[in-house]
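Asker: Just start_31.txt, nothing more (compact mmCIF, N, CA and C atoms and all ligand atoms):
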```
# COMPACT_ATOMS: atom_id res chain seq x y z
N MET A 1 0.85 -1.21 0.00
CA MET A 1 0.00 0.00 0.00
C MET A 1 0.87 1.25 0.00
N LEU A 2 0.54 2.19 -0.84
CA LEU A 2 1.33 3.42 -0.93
C LEU A 2 0.83 4.46 0.07
N THR A 3 1.75 5.27 0.54
CA THR A 3 1.34 6.40 1.38
C THR A 3 0.75 7.49 0.48
N ARG A 4 0.13 8.47 1.11
CA ARG A 4 -0.44 9.57 0.35
C ARG A 4 0.65 10.32 -0.43
N ASP A 5 1.80 10.53 0.22
CA ASP A 5 2.91 11.22 -0.46
C ASP A 5 3.40 10.46 -1.68
N GLN A 6 3.49 9.14 -1.53
CA GLN A 6 3.95 8.31 -2.65
C GLN A 6 2.96 8.36 -3.80
N THR A 7 1.67 8.29 -3.46
CA THR A 7 0.63 8.38 -4.47
C THR A 7 0.73 9.71 -5.22
N GLU A 8 0.93 10.79 -4.45
CA GLU A 8 1.04 12.11 -5.07
C GLU A 8 2.25 12.19 -6.00
N ALA A 9 3.37 11.62 -5.55
CA ALA A 9 4.60 11.66 -6.35
C ALA A 9 4.38 10.93 -7.68
N LEU A 10 3.68 9.80 -7.63
CA LEU A 10 3.41 9.05 -8.85
C LEU A 10 2.44 9.80 -9.76
N ARG A 11 1.44 10.43 -9.16
CA ARG A 11 0.47 11.17 -9.96
C ARG A 11 1.17 12.32 -10.68
N GLU A 12 2.05 13.02 -9.93
CA GLU A 12 2.79 14.12 -10.54
C GLU A 12 3.62 13.64 -11.71
N ARG A 13 4.31 12.52 -11.51
CA ARG A 13 5.19 12.00 -12.55
C ARG A 13 4.38 11.60 -13.79
N LEU A 14 3.28 10.92 -13.56
CA LEU A 14 2.45 10.46 -14.68
C LEU A 14 1.83 11.63 -15.44
N THR A 15 1.33 12.63 -14.71
CA THR A 15 0.71 13.76 -15.41
C THR A 15 1.76 14.58 -16.14
N ALA A 16 2.98 14.66 -15.59
CA ALA A 16 4.06 15.38 -16.29
C ALA A 16 4.41 14.66 -17.59
N GLN A 17 4.51 13.33 -17.53
CA GLN A 17 4.80 12.55 -18.73
C GLN A 17 3.71 12.73 -19.77
N ARG A 18 2.48 12.75 -19.27
CA ARG A 18 1.33 12.88 -20.15
C ARG A 18 1.38 14.23 -20.89
N ARG A 19 1.65 15.30 -20.12
CA ARG A 19 1.74 16.62 -20.71
C ARG A 19 2.79 16.68 -21.80
N GLN A 20 3.93 16.04 -21.51
CA GLN A 20 5.04 16.06 -22.44
C GLN A 20 4.66 15.38 -23.76
N ILE A 21 4.00 14.23 -23.64
CA ILE A 21 3.61 13.48 -24.83
C ILE A 21 2.59 14.26 -25.63
N VAL A 22 1.61 14.83 -24.93
CA VAL A 22 0.57 15.58 -25.62
C VAL A 22 1.17 16.77 -26.36
N SER A 23 2.11 17.48 -25.74
CA SER A 23 2.65 18.65 -26.40
C SER A 23 3.53 18.27 -27.59
N SER A 24 4.24 17.13 -27.51
CA SER A 24 5.03 16.74 -28.67
C SER A 24 4.14 16.19 -29.77
N ALA A 25 3.03 15.59 -29.40
CA ALA A 25 2.07 15.13 -30.41
C ALA A 25 1.45 16.33 -31.11
N GLN A 26 1.23 17.40 -30.36
CA GLN A 26 0.67 18.60 -30.96
C GLN A 26 1.64 19.25 -31.95
N SER A 27 2.94 19.22 -31.63
CA SER A 27 3.88 19.80 -32.56
C SER A 27 4.02 18.92 -33.80
N ALA A 28 3.83 17.61 -33.64
CA ALA A 28 3.84 16.72 -34.80
C ALA A 28 2.65 17.03 -35.69
N LEU A 29 1.53 17.32 -35.08
CA LEU A 29 0.32 17.68 -35.82
C LEU A 29 0.55 18.99 -36.57
N GLY A 30 1.18 19.95 -35.91
CA GLY A 30 1.51 21.22 -36.54
C GLY A 30 2.37 21.00 -37.77
N PHE A 31 3.29 20.05 -37.65
CA PHE A 31 4.16 19.74 -38.76
C PHE A 31 3.36 19.25 -39.97
N SER A 32 2.43 18.33 -39.74
CA SER A 32 1.70 17.78 -40.89
C SER A 32 0.75 18.81 -41.49
N MET A 33 0.23 19.71 -40.65
CA MET A 33 -0.63 20.76 -41.20
C MET A 33 0.17 21.71 -42.07
N ASP A 34 1.36 22.09 -41.63
CA ASP A 34 2.24 22.93 -42.43
C ASP A 34 2.54 22.27 -43.76
N ARG A 35 2.75 20.96 -43.68
CA ARG A 35 3.09 20.20 -44.87
C ARG A 35 1.96 20.29 -45.89
N ASP A 36 0.74 20.14 -45.44
CA ASP A 36 -0.39 20.21 -46.35
C ASP A 36 -0.52 21.60 -46.97
N ARG A 37 -0.29 22.61 -46.16
CA ARG A 37 -0.41 23.96 -46.67
C ARG A 37 0.67 24.22 -47.72
N ASP A 38 1.89 23.74 -47.42
CA ASP A 38 3.01 23.97 -48.34
C ASP A 38 2.82 23.24 -49.68
N ARG A 39 2.00 22.23 -49.66
CA ARG A 39 1.81 21.43 -50.87
C ARG A 39 1.17 22.22 -51.99
N VAL A 40 0.35 23.17 -51.61
CA VAL A 40 -0.40 23.91 -52.62
C VAL A 40 0.57 24.64 -53.55
N GLY A 41 0.42 24.40 -54.84
CA GLY A 41 1.25 25.09 -55.83
C GLY A 41 2.68 24.62 -55.88
N ARG A 42 2.94 23.44 -55.34
CA ARG A 42 4.32 22.96 -55.37
C ARG A 42 4.49 21.76 -56.29
N ASP A 43 5.65 21.66 -56.87
CA ASP A 43 5.92 20.45 -57.65
C ASP A 43 6.54 19.39 -56.74
N SER A 44 7.08 18.33 -57.33
CA SER A 44 7.50 17.18 -56.52
C SER A 44 8.89 17.36 -55.91
N LEU A 45 9.38 18.59 -55.90
CA LEU A 45 10.69 18.86 -55.29
C LEU A 45 10.72 18.38 -53.85
N ASP A 46 11.78 17.64 -53.51
CA ASP A 46 11.96 17.17 -52.14
C ASP A 46 10.86 16.24 -51.66
N GLU A 47 10.10 15.72 -52.58
CA GLU A 47 8.96 14.89 -52.19
C GLU A 47 9.40 13.67 -51.37
N SER A 48 10.47 13.01 -51.79
CA SER A 48 10.87 11.78 -51.11
C SER A 48 11.38 12.08 -49.70
N THR A 49 12.13 13.16 -49.57
CA THR A 49 12.60 13.57 -48.24
C THR A 49 11.42 13.85 -47.33
N GLU A 50 10.45 14.54 -47.91
CA GLU A 50 9.27 14.92 -47.14
C GLU A 50 8.48 13.68 -46.71
N GLU A 51 8.32 12.74 -47.63
CA GLU A 51 7.62 11.50 -47.30
C GLU A 51 8.31 10.77 -46.16
N ALA A 52 9.64 10.72 -46.21
CA ALA A 52 10.39 10.03 -45.17
C ALA A 52 10.18 10.70 -43.83
N MET A 53 10.21 12.02 -43.83
CA MET A 53 10.00 12.75 -42.58
C MET A 53 8.60 12.52 -42.04
N TYR A 54 7.66 12.52 -42.98
CA TYR A 54 6.27 12.38 -42.58
C TYR A 54 6.01 11.00 -41.97
N SER A 55 6.56 9.94 -42.55
CA SER A 55 6.32 8.61 -41.99
C SER A 55 7.02 8.45 -40.64
N THR A 56 8.15 9.14 -40.47
CA THR A 56 8.79 9.14 -39.15
C THR A 56 7.86 9.76 -38.12
N GLN A 57 7.23 10.86 -38.52
CA GLN A 57 6.28 11.53 -37.62
C GLN A 57 5.13 10.60 -37.26
N LEU A 58 4.63 9.88 -38.25
CA LEU A 58 3.50 8.98 -38.00
C LEU A 58 3.90 7.86 -37.05
N ARG A 59 5.09 7.30 -37.25
CA ARG A 59 5.56 6.24 -36.35
C ARG A 59 5.68 6.77 -34.94
N LEU A 60 6.24 7.97 -34.82
CA LEU A 60 6.38 8.60 -33.52
C LEU A 60 5.00 8.75 -32.87
N HIS A 61 4.04 9.13 -33.70
CA HIS A 61 2.69 9.34 -33.19
C HIS A 61 2.10 8.03 -32.66
N ASP A 62 2.30 6.93 -33.38
CA ASP A 62 1.83 5.63 -32.91
C ASP A 62 2.42 5.29 -31.55
N ARG A 63 3.71 5.53 -31.43
CA ARG A 63 4.40 5.23 -30.19
C ARG A 63 3.83 6.08 -29.05
N GLU A 64 3.59 7.35 -29.35
CA GLU A 64 3.05 8.25 -28.33
C GLU A 64 1.65 7.82 -27.91
N THR A 65 0.86 7.40 -28.88
CA THR A 65 -0.49 6.97 -28.57
C THR A 65 -0.47 5.76 -27.64
N GLY A 66 0.44 4.83 -27.90
CA GLY A 66 0.57 3.66 -27.04
C GLY A 66 1.00 4.04 -25.63
N LEU A 67 1.93 4.99 -25.55
CA LEU A 67 2.41 5.44 -24.25
C LEU A 67 1.30 6.16 -23.48
N LEU A 68 0.54 6.98 -24.19
CA LEU A 68 -0.56 7.69 -23.56
C LEU A 68 -1.56 6.71 -22.95
N ALA A 69 -1.87 5.65 -23.69
CA ALA A 69 -2.80 4.65 -23.19
C ALA A 69 -2.25 4.00 -21.91
N LYS A 70 -0.94 3.74 -21.90
CA LYS A 70 -0.32 3.15 -20.72
C LYS A 70 -0.38 4.10 -19.54
N ILE A 71 -0.13 5.38 -19.80
CA ILE A 71 -0.14 6.38 -18.73
C ILE A 71 -1.57 6.53 -18.17
N ASP A 72 -2.55 6.57 -19.07
CA ASP A 72 -3.94 6.66 -18.62
C ASP A 72 -4.33 5.45 -17.78
N ALA A 73 -3.88 4.28 -18.21
CA ALA A 73 -4.18 3.06 -17.45
C ALA A 73 -3.52 3.12 -16.07
N ALA A 74 -2.30 3.65 -16.02
CA ALA A 74 -1.59 3.77 -14.74
C ALA A 74 -2.30 4.76 -13.83
N LEU A 75 -2.76 5.87 -14.39
CA LEU A 75 -3.50 6.86 -13.59
C LEU A 75 -4.78 6.25 -13.04
N GLU A 76 -5.42 5.44 -13.86
CA GLU A 76 -6.64 4.74 -13.45
C GLU A 76 -6.33 3.80 -12.27
N ARG A 77 -5.25 3.03 -12.40
CA ARG A 77 -4.87 2.14 -11.30
C ARG A 77 -4.50 2.93 -10.05
N LEU A 78 -3.90 4.11 -10.28
CA LEU A 78 -3.54 4.97 -9.15
C LEU A 78 -4.80 5.40 -8.39
N GLU A 79 -5.82 5.81 -9.14
CA GLU A 79 -7.07 6.24 -8.50
C GLU A 79 -7.73 5.10 -7.75
N GLN A 80 -7.60 3.89 -8.28
CA GLN A 80 -8.21 2.72 -7.64
C GLN A 80 -7.38 2.17 -6.50
N GLY A 81 -6.19 2.77 -6.29
CA GLY A 81 -5.29 2.28 -5.26
C GLY A 81 -4.66 0.94 -5.61
N GLU A 82 -4.57 0.66 -6.92
CA GLU A 82 -4.04 -0.63 -7.35
C GLU A 82 -2.72 -0.52 -8.07
N ILE A 83 -2.18 0.69 -8.13
CA ILE A 83 -1.01 0.88 -8.99
C ILE A 83 0.20 0.10 -8.49
N ASP A 84 0.25 -0.19 -7.19
CA ASP A 84 1.42 -0.91 -6.68
C ASP A 84 1.17 -2.41 -6.56
N GLN A 85 0.07 -2.88 -7.20
CA GLN A 85 -0.19 -4.31 -7.19
C GLN A 85 0.31 -4.97 -8.46
N CYS A 86 1.14 -5.98 -8.29
CA CYS A 86 1.63 -6.72 -9.45
C CYS A 86 0.48 -7.50 -10.07
N GLU A 87 0.29 -7.35 -11.41
CA GLU A 87 -0.84 -8.03 -12.05
C GLU A 87 -0.60 -9.53 -12.15
N GLU A 88 0.62 -9.95 -11.93
CA GLU A 88 0.95 -11.36 -12.05
C GLU A 88 0.77 -12.08 -10.71
N CYS A 89 1.40 -11.58 -9.66
CA CYS A 89 1.40 -12.31 -8.39
C CYS A 89 0.62 -11.58 -7.30
N GLY A 90 0.20 -10.33 -7.56
CA GLY A 90 -0.59 -9.61 -6.58
C GLY A 90 0.22 -9.01 -5.44
N GLU A 91 1.52 -9.21 -5.45
CA GLU A 91 2.38 -8.62 -4.42
C GLU A 91 2.58 -7.13 -4.70
N ASP A 92 3.07 -6.41 -3.70
CA ASP A 92 3.35 -4.99 -3.89
C ASP A 92 4.55 -4.79 -4.83
N ILE A 93 4.42 -3.83 -5.72
CA ILE A 93 5.55 -3.41 -6.53
C ILE A 93 6.30 -2.36 -5.72
N ALA A 94 7.62 -2.51 -5.59
CA ALA A 94 8.40 -1.59 -4.76
C ALA A 94 8.27 -0.16 -5.27
N PHE A 95 8.14 0.77 -4.33
CA PHE A 95 7.91 2.16 -4.72
C PHE A 95 9.01 2.74 -5.62
N PRO A 96 10.29 2.49 -5.32
CA PRO A 96 11.34 3.04 -6.21
C PRO A 96 11.19 2.56 -7.65
N ARG A 97 10.73 1.32 -7.81
CA ARG A 97 10.50 0.80 -9.16
C ARG A 97 9.33 1.54 -9.82
N LEU A 98 8.28 1.78 -9.07
CA LEU A 98 7.13 2.51 -9.61
C LEU A 98 7.52 3.94 -9.98
N LEU A 99 8.34 4.53 -9.14
CA LEU A 99 8.74 5.91 -9.40
C LEU A 99 9.57 5.98 -10.68
N ALA A 100 10.40 4.96 -10.89
CA ALA A 100 11.24 4.94 -12.08
C ALA A 100 10.42 4.62 -13.33
N ARG A 101 9.45 3.72 -13.18
CA ARG A 101 8.61 3.33 -14.32
C ARG A 101 7.15 3.26 -13.87
N PRO A 102 6.49 4.41 -13.78
CA PRO A 102 5.13 4.43 -13.23
C PRO A 102 4.12 3.62 -14.03
N VAL A 103 4.42 3.30 -15.30
CA VAL A 103 3.45 2.55 -16.11
C VAL A 103 3.59 1.04 -15.96
N THR A 104 4.55 0.61 -15.15
CA THR A 104 4.77 -0.83 -15.02
C THR A 104 3.60 -1.49 -14.28
N THR A 105 3.31 -2.74 -14.65
CA THR A 105 2.24 -3.47 -13.96
C THR A 105 2.78 -4.74 -13.30
N LEU A 106 4.09 -4.92 -13.35
CA LEU A 106 4.69 -6.14 -12.81
C LEU A 106 5.74 -5.80 -11.76
N CYS A 107 5.82 -6.61 -10.72
CA CYS A 107 6.91 -6.46 -9.77
C CYS A 107 8.20 -6.93 -10.44
N ILE A 108 9.29 -6.64 -9.79
CA ILE A 108 10.58 -6.88 -10.44
C ILE A 108 10.82 -8.38 -10.69
N GLU A 109 10.34 -9.22 -9.78
CA GLU A 109 10.52 -10.66 -9.94
C GLU A 109 9.73 -11.18 -11.15
N CYS A 110 8.46 -10.77 -11.25
CA CYS A 110 7.61 -11.24 -12.34
C CYS A 110 8.10 -10.72 -13.68
N LYS A 111 8.55 -9.46 -13.68
CA LYS A 111 9.10 -8.87 -14.90
C LYS A 111 10.30 -9.69 -15.39
N ALA A 112 11.17 -10.03 -14.47
CA ALA A 112 12.36 -10.79 -14.82
C ALA A 112 11.98 -12.18 -15.32
N GLU A 113 11.00 -12.79 -14.64
CA GLU A 113 10.55 -14.12 -15.01
C GLU A 113 9.91 -14.13 -16.39
N ARG A 114 9.06 -13.13 -16.63
CA ARG A 114 8.36 -13.06 -17.90
C ARG A 114 9.35 -12.91 -19.05
N GLU A 115 10.34 -12.06 -18.86
CA GLU A 115 11.31 -11.85 -19.93
C GLU A 115 12.18 -13.08 -20.12
N GLU A 116 12.41 -13.77 -19.04
CA GLU A 116 13.20 -15.01 -19.10
C GLU A 116 12.48 -16.05 -19.96
N SER A 117 11.16 -16.17 -19.81
CA SER A 117 10.45 -17.21 -20.53
C SER A 117 10.05 -16.76 -21.94
N GLU A 118 9.77 -15.45 -22.14
CA GLU A 118 9.32 -14.99 -23.45
C GLU A 118 10.46 -14.93 -24.44
N ASP A 119 11.49 -14.24 -24.05
CA ASP A 119 12.68 -14.18 -24.89
C ASP A 119 13.88 -14.16 -23.97
N ARG A 120 15.01 -14.42 -24.49
CA ARG A 120 16.15 -14.58 -23.60
C ARG A 120 17.12 -13.41 -23.71
N ARG A 121 16.52 -12.25 -24.00
CA ARG A 121 17.35 -11.06 -24.01
C ARG A 121 17.58 -10.56 -22.58
N PRO A 122 18.56 -9.71 -22.40
CA PRO A 122 18.77 -9.14 -21.04
C PRO A 122 17.53 -8.39 -20.60
N THR A 123 17.26 -8.40 -19.31
CA THR A 123 16.05 -7.77 -18.82
C THR A 123 16.13 -6.25 -18.87
N ASP A 124 14.99 -5.65 -19.10
CA ASP A 124 14.88 -4.19 -19.11
C ASP A 124 14.11 -3.79 -17.87
N LEU A 125 14.82 -3.60 -16.78
CA LEU A 125 14.12 -3.35 -15.51
C LEU A 125 14.02 -1.89 -15.19
ZN ZN A 201 4.80 -10.11 -9.21
```
Go ahead and express the file in the form of structure tokens.
Ligand SMILES: [Zn+2]

Answerer:
Amino acid sequence: MLTRDQTEALRERLTAQRRQIVSSAQSALGFSMDRDRDRVGRDSLDESTEEAMYSTQLRLHDRETGLLAKIDAALERLEQGEIDQCEECGEDIAFPRLLARPVTTLCIECKAEREESEDRRPTDL
């Protein structure tokens, strides 16, 4: 069980991350709008460079959307008082681990175990 201070620290961290993602997503959106405006009256100059940049932006956007969903889910668990519960074994997730990775849903043991059985790459803790 987390203390009130710990809960607040996690909420602050999650909302800060959320703000950051939303603002970078907005600048990506600004980029694509500029691109559409610039298209008017233009020939195919730099078209391939532009396409490459644009698909990079889209990939970034997909990644951000996935992260946002994770952050929202973590905030939801925070409100329910479940954010420090490991979804695998139900044990408490250590607070320093939560603070470092607030979107995690596994305690350190389960995370290590899962990575051990799924693939045999070094763990990302
Ligand atoms: Zn666990």

Asker: May I ask for the distance between atom CA of A:Asp46 and atom N of A:Thr65, given in Å to one decimal place?

Answerer: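 These two atoms are separated by 27.6 Å.
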
Asker: List all protein, DNA and RNA residues that have at least one atom no more than 8 Å from any atom of ligand ZN 201 (chain A), counting only C-alpha atoms and all ligand atoms, and write them as a PDB file with N, CA and C atoms, keeping the file's coordinate frame.

Answerer:
```
ATOM      1  N   GLN A  85       0.070  -2.880  -7.200  1.00  0.00           N
ATOM      2  CA  GLN A  85      -0.190  -4.310  -7.190  1.00  0.00           C
ATOM      3  C   GLN A  85       0.310  -4.970  -8.460  1.00  0.00           C
ATOM      4  N   CYS A  86       1.140  -5.980  -8.290  1.00  0.00           N
ATOM      5  CA  CYS A  86       1.630  -6.720  -9.450  1.00  0.00           C
ATOM      6  C   CYS A  86       0.480  -7.500 -10.070  1.00  0.00           C
ATOM      7  N   GLU A  87       0.290  -7.350 -11.410  1.00  0.00           N
ATOM      8  CA  GLU A  87      -0.840  -8.030 -12.050  1.00  0.00           C
ATOM      9  C   GLU A  87      -0.600  -9.530 -12.150  1.00  0.00           C
ATOM     10  N   GLU A  88       0.620  -9.950 -11.930  1.00  0.00           N
ATOM     11  CA  GLU A  88       0.950 -11.360 -12.050  1.00  0.00           C
ATOM     12  C   GLU A  88       0.770 -12.080 -10.710  1.00  0.00           C
ATOM     13  N   CYS A  89       1.400 -11.580  -9.660  1.00  0.00           N
ATOM     14  CA  CYS A  89       1.400 -12.310  -8.390  1.00  0.00           C
ATOM     15  C   CYS A  89       0.620 -11.580  -7.300  1.00  0.00           C
ATOM     16  N   GLY A  90       0.200 -10.330  -7.560  1.00  0.00           N
ATOM     17  CA  GLY A  90      -0.590  -9.610  -6.580  1.00  0.00           C
ATOM     18  C   GLY A  90       0.220  -9.010  -5.440  1.00  0.00           C
ATOM     19  N   GLU A  91       1.520  -9.210  -5.450  1.00  0.00           N
ATOM     20  CA  GLU A  91       2.380  -8.620  -4.420  1.00  0.00           C
ATOM     21  C   GLU A  91       2.580  -7.130  -4.700  1.00  0.00           C
ATOM     22  N   ASP A  92       3.070  -6.410  -3.700  1.00  0.00           N
ATOM     23  CA  ASP A  92       3.350  -4.990  -3.890  1.00  0.00           C
ATOM     24  C   ASP A  92       4.550  -4.790  -4.830  1.00  0.00           C
ATOM     25  N   ILE A  93       4.420  -3.830  -5.720  1.00  0.00           N
ATOM     26  CA  ILE A  93       5.550  -3.410  -6.530  1.00  0.00           C
ATOM     27  C   ILE A  93       6.300  -2.360  -5.720  1.00  0.00           C
ATOM     28  N   LEU A 106       4.090  -4.920 -13.350  1.00  0.00           N
ATOM     29  CA  LEU A 106       4.690  -6.140 -12.810  1.00  0.00           C
ATOM     30  C   LEU A 106       5.740  -5.800 -11.760  1.00  0.00           C
ATOM     31  N   CYS A 107       5.820  -6.610 -10.720  1.00  0.00           N
ATOM     32  CA  CYS A 107       6.910  -6.460  -9.770  1.00  0.00           C
ATOM     33  C   CYS A 107       8.200  -6.930 -10.440  1.00  0.00           C
ATOM     34  N   ILE A 108       9.290  -6.640  -9.790  1.00  0.00           N
ATOM     35  CA  ILE A 108      10.580  -6.880 -10.440  1.00  0.00           C
ATOM     36  C   ILE A 108      10.820  -8.380 -10.690  1.00  0.00           C
ATOM     37  N   GLU A 109      10.340  -9.220  -9.780  1.00  0.00           N
ATOM     38  CA  GLU A 109      10.520 -10.660  -9.940  1.00  0.00           C
ATOM     39  C   GLU A 109       9.730 -11.180 -11.150  1.00  0.00           C
ATOM     40  N   CYS A 110       8.460 -10.770 -11.250  1.00  0.00           N
ATOM     41  CA  CYS A 110       7.610 -11.240 -12.340  1.00  0.00           C
ATOM     42  C   CYS A 110       8.100 -10.720 -13.680  1.00  0.00           C
ATOM     43  N   LYS A 111       8.550  -9.460 -13.680  1.00  0.00           N
ATOM     44  CA  LYS A 111       9.100  -8.870 -14.900  1.00  0.00           C
ATOM     45  C   LYS A 111      10.300  -9.690 -15.390  1.00  0.00           C
TER      46      LYS A 111
END
```

Asker: Can you tell me how far atom CA of A:Glu118 sits from atom C of A:Leu60, in Å to one decimal?

Answerer: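 Answer for the atom CA of A:Glu118 to atom C of A:Leu60 separation: 25.9 Å.
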
Asker: Rank A:Leu68, A:Ala112, A:Met53, A:Leu99 by their smallest atom-to-atom distance to A:Leu10, using only N, CA and C atoms, and report the top residue only.

Answerer: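 Answer, going by the shortest atom-to-atom distance: A:Leu99.
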
Asker: So which bits of chain A end up helix (DSSP H, G or I) when you DSSP the backbone, as JSON, numbers by chain?

Answerer: {"A": [4, 5, 6, 7, 8, 9, 10, 11, 12, 13, 14, 15, 16, 17, 18, 19, 20, 21, 22, 23, 24, 25, 26, 27, 28, 29, 30, 31, 32, 33, 34, 35, 36, 37, 38, 39, 47, 48, 49, 50, 51, 52, 53, 54, 55, 56, 57, 58, 59, 60, 61, 62, 63, 64, 65, 66, 67, 68, 69, 70, 71, 72, 73, 74, 75, 76, 77, 78, 79, 95, 96, 97, 98, 99, 100, 108, 109, 110, 111, 112, 113, 114, 115, 116, 117, 118]}

Asker: Skip A:Arg13 itself and residues of its chain fewer than 6 positions away, then list as a PyMOL selection string all residues within 8 Å of it, counting all atoms listed in the file.

Answerer: chain A and resi 7+19+99+102

Asker: Please dump the current selection as a PDB file, in the frame of the given file; keep N, CA and C atoms.

Answerer:
```pdb
ATOM      1  N   THR A   7       1.670   8.290  -3.460  1.00  0.00           N
ATOM      2  CA  THR A   7       0.630   8.380  -4.470  1.00  0.00           C
ATOM      3  C   THR A   7       0.730   9.710  -5.220  1.00  0.00           C
ATOM      4  N   ARG A  19       1.650  15.300 -20.120  1.00  0.00           N
ATOM      5  CA  ARG A  19       1.740  16.620 -20.710  1.00  0.00           C
ATOM      6  C   ARG A  19       2.790  16.680 -21.800  1.00  0.00           C
ATOM      7  N   LEU A  99       8.340   4.530  -9.140  1.00  0.00           N
ATOM      8  CA  LEU A  99       8.740   5.910  -9.400  1.00  0.00           C
ATOM      9  C   LEU A  99       9.570   5.980 -10.680  1.00  0.00           C
ATOM     10  N   PRO A 102       6.490   4.410 -13.780  1.00  0.00           N
ATOM     11  CA  PRO A 102       5.130   4.430 -13.230  1.00  0.00           C
ATOM     12  C   PRO A 102       4.120   3.620 -14.030  1.00  0.00           C
TER      13      PRO A 102
END
```

Asker: Find the spatial neighbours of stretch 76-84 of chain A, counting only C-alpha atoms, within a cut-off of 8 Å - ignore same-chain residues fewer than 2 positions away - and output them as a PyMOL selection string.

Answerer: chain A and resi 1-2+7+11+72-74+86+92-95+98+105

Asker: Between atom CA of A:His61 and atom C of A:Ala16, what is the distance, to one decimal in Å?

Answerer: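 Computing it gives 16.6 Å between the two atoms.
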
Asker: Which residue gives the smallest distance to A:Ala28 among A:Arg101, A:Arg114, A:Glu64, A:Gln6, with only C-alpha atoms counted?

Answerer: A:Glu64
